[in-house]
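Read through the structure below, which is laid out as structure tokens, and then see the notes.
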Amino acid sequence: MFTTRQMLPSDEAFLMSSWLKSYRDRESHVRTTIYFPMQKEVIEKLLARSKVVVAVDPEDTDMIYAYAVGEPAVNTLHYVYVKHSLRMHGVAKKLVEQILDPTKLIVASHRPNAMEDVLYKYNMVYNPYVRD
């Protein structure tokens with residue numbers, strides 16, 4: 001179904017674009033002219049200091065299906081993105097488990113609407129202040 005690998009420099013444009021667009025609904029109260037440049041800066045900082053695992057097509061490793069961004073040292077999940085067609089198939093769980101320790105409390109620094117169930121299911125705590 002998929003294989004995983006570390007993020008490559010060529011992946012950054014897709015990760016940035018999908019994160020910005022998918023998180024936009026959560027921050028819809030922020031003006032677009034403020035949201036995009038400021039959130040882009042936050043994402044750049046997080047990507048620079050985090051471990052990123054990418055789920056890809058086994059036959060075409062440039063075809064990204066999903067990714068997770070987290071910091072193992074503080075067991076913090078910054079973001080998980082899964083394309084719609086693969087949601088509810090355990091992809092996010094497998095990615096997160098390659099970065100974080102699921103037996104310990106996981107802190108989520110971002111909370112998109114789609115993550116409400118994930119926070120509850122995996123006993124995560126939301127703390128937006130760990131991302132800066």
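Each chain in the structure tokens gets a letter, A, B, ..., in the order shown, and its residues are numbered from 1; ligands are numbered from 1 in order too.
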Residue neighbourhood A:Val96, 8 Å, only C-alpha atoms, exclusion window fewer than 3 positions, as a list in words: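 In the requested format, the answer is Ala68, Gly70, Leu77, Val80, Ala92, Lys93, Ile99 and Leu100 of chain A.
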Residues of chain A in helix (DSSP H, G or I), written as a ChimeraX atom specification: /A:9-24,32-49,72-74,84-86,91-99,113-121,128-131
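Between atom CA of A:Thr3 and atom CA of A:Asp57 the separation is 6.4 Å.
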Near-A:Pro58 list (8 Å; only C-alpha atoms; drop same-chain fewer than 2 positions) as an MDAnalysis selection string: chainID A and resid 1:3 56 60:61
Take the selection from the previous step and output its residues with N, CA and C atoms, as an mmCIF file, in the first residue's frame.
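Below is the file part-v2.cif, written as the result:
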```
data_model
loop_
_atom_site.group_PDB
_atom_site.id
_atom_site.type_symbol
_atom_site.label_atom_id
_atom_site.label_comp_id
_atom_site.auth_asym_id
_atom_site.auth_seq_id
_atom_site.Cartn_x
_atom_site.Cartn_y
_atom_site.Cartn_z
ATOM 1 N N MET A 1 0.825 -1.204 0.000
ATOM 2 C CA MET A 1 0.000 0.000 0.000
ATOM 3 C C MET A 1 0.868 1.266 0.000
ATOM 4 N N PHE A 2 1.854 1.330 0.933
ATOM 5 C CA PHE A 2 2.774 2.471 0.957
ATOM 6 C C PHE A 2 4.053 2.051 1.671
ATOM 7 N N THR A 3 5.083 2.845 1.456
ATOM 8 C CA THR A 3 6.335 2.681 2.175
ATOM 9 C C THR A 3 6.672 4.034 2.796
ATOM 10 N N VAL A 56 4.903 7.125 1.012
ATOM 11 C CA VAL A 56 4.968 7.284 -0.444
ATOM 12 C C VAL A 56 4.551 5.994 -1.142
ATOM 13 N N ASP A 60 6.776 4.572 -6.817
ATOM 14 C CA ASP A 60 7.117 5.942 -7.208
ATOM 15 C C ASP A 60 7.292 6.753 -5.934
ATOM 16 N N THR A 61 8.491 6.748 -5.405
ATOM 17 C CA THR A 61 8.735 7.374 -4.094
ATOM 18 C C THR A 61 8.638 8.894 -4.108
#
```
Close residues, A:His78 itself excluded, 7 Å, only C-alpha atoms, min 3 positions apart in chain, as a ChimeraX atom specification: /A:69-70,108-110
N, CA and C atoms of the current selection, written as a PDB file, in the first residue's frame:
```pdb
ATOM      1  N   VAL A  69       5.102  15.176  11.175  1.00  0.00           N
ATOM      2  CA  VAL A  69       6.189  16.044  11.618  1.00  0.00           C
ATOM      3  C   VAL A  69       6.176  16.058  13.141  1.00  0.00           C
ATOM      4  N   GLY A  70       7.283  15.676  13.762  1.00  0.00           N
ATOM      5  CA  GLY A  70       7.305  15.650  15.217  1.00  0.00           C
ATOM      6  C   GLY A  70       8.703  15.746  15.781  1.00  0.00           C
ATOM      7  N   ALA A 108       0.284  17.635  21.045  1.00  0.00           N
ATOM      8  CA  ALA A 108       0.029  18.101  19.681  1.00  0.00           C
ATOM      9  C   ALA A 108       0.124  19.624  19.668  1.00  0.00           C
ATOM     10  N   SER A 109       0.987  20.166  18.817  1.00  0.00           N
ATOM     11  CA  SER A 109       1.170  21.618  18.777  1.00  0.00           C
ATOM     12  C   SER A 109       0.205  22.309  17.824  1.00  0.00           C
ATOM     13  N   HIS A 110      -0.399  21.562  16.918  1.00  0.00           N
ATOM     14  CA  HIS A 110      -1.388  22.095  15.987  1.00  0.00           C
ATOM     15  C   HIS A 110      -2.645  21.248  16.134  1.00  0.00           C
TER      16      HIS A 110
END
```
Which parts of chain A does DSSP call strand (DSSP E) when run on the backbone here, written out as a compact mmCIF listing (two decimals) with N, CA and C atoms, in the first residue's frame?
```txt
# COMPACT_ATOMS: atom_id res chain seq x y z
N THR A 3 5.08 2.84 1.46
CA THR A 3 6.34 2.68 2.18
C THR A 3 6.67 4.03 2.80
N THR A 4 7.59 4.06 3.72
CA THR A 4 7.94 5.34 4.36
C THR A 4 9.40 5.65 4.14
N ARG A 5 9.69 6.92 4.24
CA ARG A 5 11.06 7.41 4.13
C ARG A 5 11.15 8.75 4.82
N GLN A 6 12.36 9.24 5.00
CA GLN A 6 12.58 10.57 5.55
C GLN A 6 12.25 11.63 4.50
N LYS A 51 11.70 15.74 13.11
CA LYS A 51 11.83 14.54 12.29
C LYS A 51 10.57 14.48 11.42
N VAL A 52 10.75 14.23 10.14
CA VAL A 52 9.62 14.16 9.22
C VAL A 52 9.66 12.80 8.53
N VAL A 53 8.56 12.08 8.64
CA VAL A 53 8.42 10.78 7.97
C VAL A 53 7.33 10.93 6.92
N VAL A 54 7.62 10.44 5.72
CA VAL A 54 6.73 10.59 4.58
C VAL A 54 6.28 9.21 4.10
N ALA A 55 4.97 9.06 3.87
CA ALA A 55 4.43 7.83 3.27
C ALA A 55 4.34 8.06 1.77
N VAL A 56 4.90 7.12 1.01
CA VAL A 56 4.97 7.28 -0.44
C VAL A 56 4.55 5.99 -1.14
N ASP A 57 4.28 6.13 -2.43
CA ASP A 57 3.99 4.98 -3.28
C ASP A 57 5.27 4.15 -3.38
N ASP A 60 6.78 4.57 -6.82
CA ASP A 60 7.12 5.94 -7.21
C ASP A 60 7.29 6.75 -5.93
N THR A 61 8.49 6.75 -5.40
CA THR A 61 8.73 7.37 -4.09
C THR A 61 8.64 8.89 -4.11
N ASP A 62 8.37 9.48 -5.26
CA ASP A 62 8.10 10.91 -5.33
C ASP A 62 6.60 11.20 -5.10
N MET A 63 5.77 10.16 -5.14
CA MET A 63 4.33 10.31 -4.94
C MET A 63 4.03 10.23 -3.45
N ILE A 64 3.78 11.39 -2.84
CA ILE A 64 3.54 11.47 -1.40
C ILE A 64 2.07 11.24 -1.09
N TYR A 65 1.82 10.33 -0.15
CA TYR A 65 0.46 10.05 0.32
C TYR A 65 0.16 10.74 1.65
N ALA A 66 1.19 10.86 2.49
CA ALA A 66 0.99 11.39 3.83
C ALA A 66 2.34 11.76 4.44
N TYR A 67 2.29 12.51 5.53
CA TYR A 67 3.51 12.82 6.27
C TYR A 67 3.18 13.17 7.71
N ALA A 68 4.16 13.01 8.57
CA ALA A 68 4.04 13.39 9.97
C ALA A 68 5.30 14.16 10.35
N VAL A 69 5.10 15.18 11.18
CA VAL A 69 6.19 16.04 11.62
C VAL A 69 6.18 16.06 13.14
N GLY A 70 7.28 15.68 13.76
CA GLY A 70 7.30 15.65 15.22
C GLY A 70 8.70 15.75 15.78
N GLU A 71 8.76 16.01 17.08
CA GLU A 71 10.03 16.10 17.80
C GLU A 71 10.09 14.99 18.85
N THR A 76 6.47 15.38 20.87
CA THR A 76 5.50 16.35 20.37
C THR A 76 5.24 16.12 18.89
N LEU A 77 3.96 16.05 18.57
CA LEU A 77 3.50 15.93 17.19
C LEU A 77 3.11 17.31 16.69
N HIS A 78 3.77 17.76 15.63
CA HIS A 78 3.45 19.08 15.10
C HIS A 78 2.36 19.02 14.04
N TYR A 79 2.41 17.99 13.21
CA TYR A 79 1.39 17.91 12.17
C TYR A 79 1.38 16.54 11.53
N VAL A 80 0.20 16.14 11.12
CA VAL A 80 0.03 14.92 10.33
C VAL A 80 -0.90 15.28 9.18
N TYR A 81 -0.52 14.87 8.00
CA TYR A 81 -1.36 15.08 6.82
C TYR A 81 -1.49 13.75 6.09
N VAL A 82 -2.71 13.39 5.77
CA VAL A 82 -2.98 12.18 4.99
C VAL A 82 -3.96 12.56 3.90
N VAL A 107 2.10 15.33 22.91
CA VAL A 107 1.60 16.69 22.85
C VAL A 107 1.43 17.06 21.39
N ALA A 108 0.28 17.63 21.05
CA ALA A 108 0.03 18.10 19.68
C ALA A 108 0.12 19.62 19.67
N VAL A 125 -2.59 15.52 24.23
CA VAL A 125 -2.96 16.80 24.82
C VAL A 125 -2.55 17.89 23.84
N TYR A 126 -3.40 18.89 23.67
CA TYR A 126 -3.12 19.99 22.75
C TYR A 126 -2.44 21.12 23.50
```
Nearest residue to A:Pro72 from the set A:His89, A:Lys40, A:Lys104, A:Arg26 (distances using only C-alpha atoms):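 Going through A:His89, A:Lys40, A:Lys104, A:Arg26 one by one, the smallest distance to A:Pro72 is for A:Lys104.
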Atomic distance atom CA of A:Met7 - atom CA of A:Leu46, expressed in Å with one decimal: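 Here the two named atoms are 13.1 Å from each other.
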Closest of A:Glu12, A:Thr32, A:Met88, A:Gln98 to A:Ala48 - atom-to-atom distances counting only C-alpha atoms: A:Glu12
Distance in Å - atom CA of A:Ile106 versus atom CA of A:Arg87: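 Between atom CA of A:Ile106 and atom CA of A:Arg87 the gap works out to 20.4 Å.
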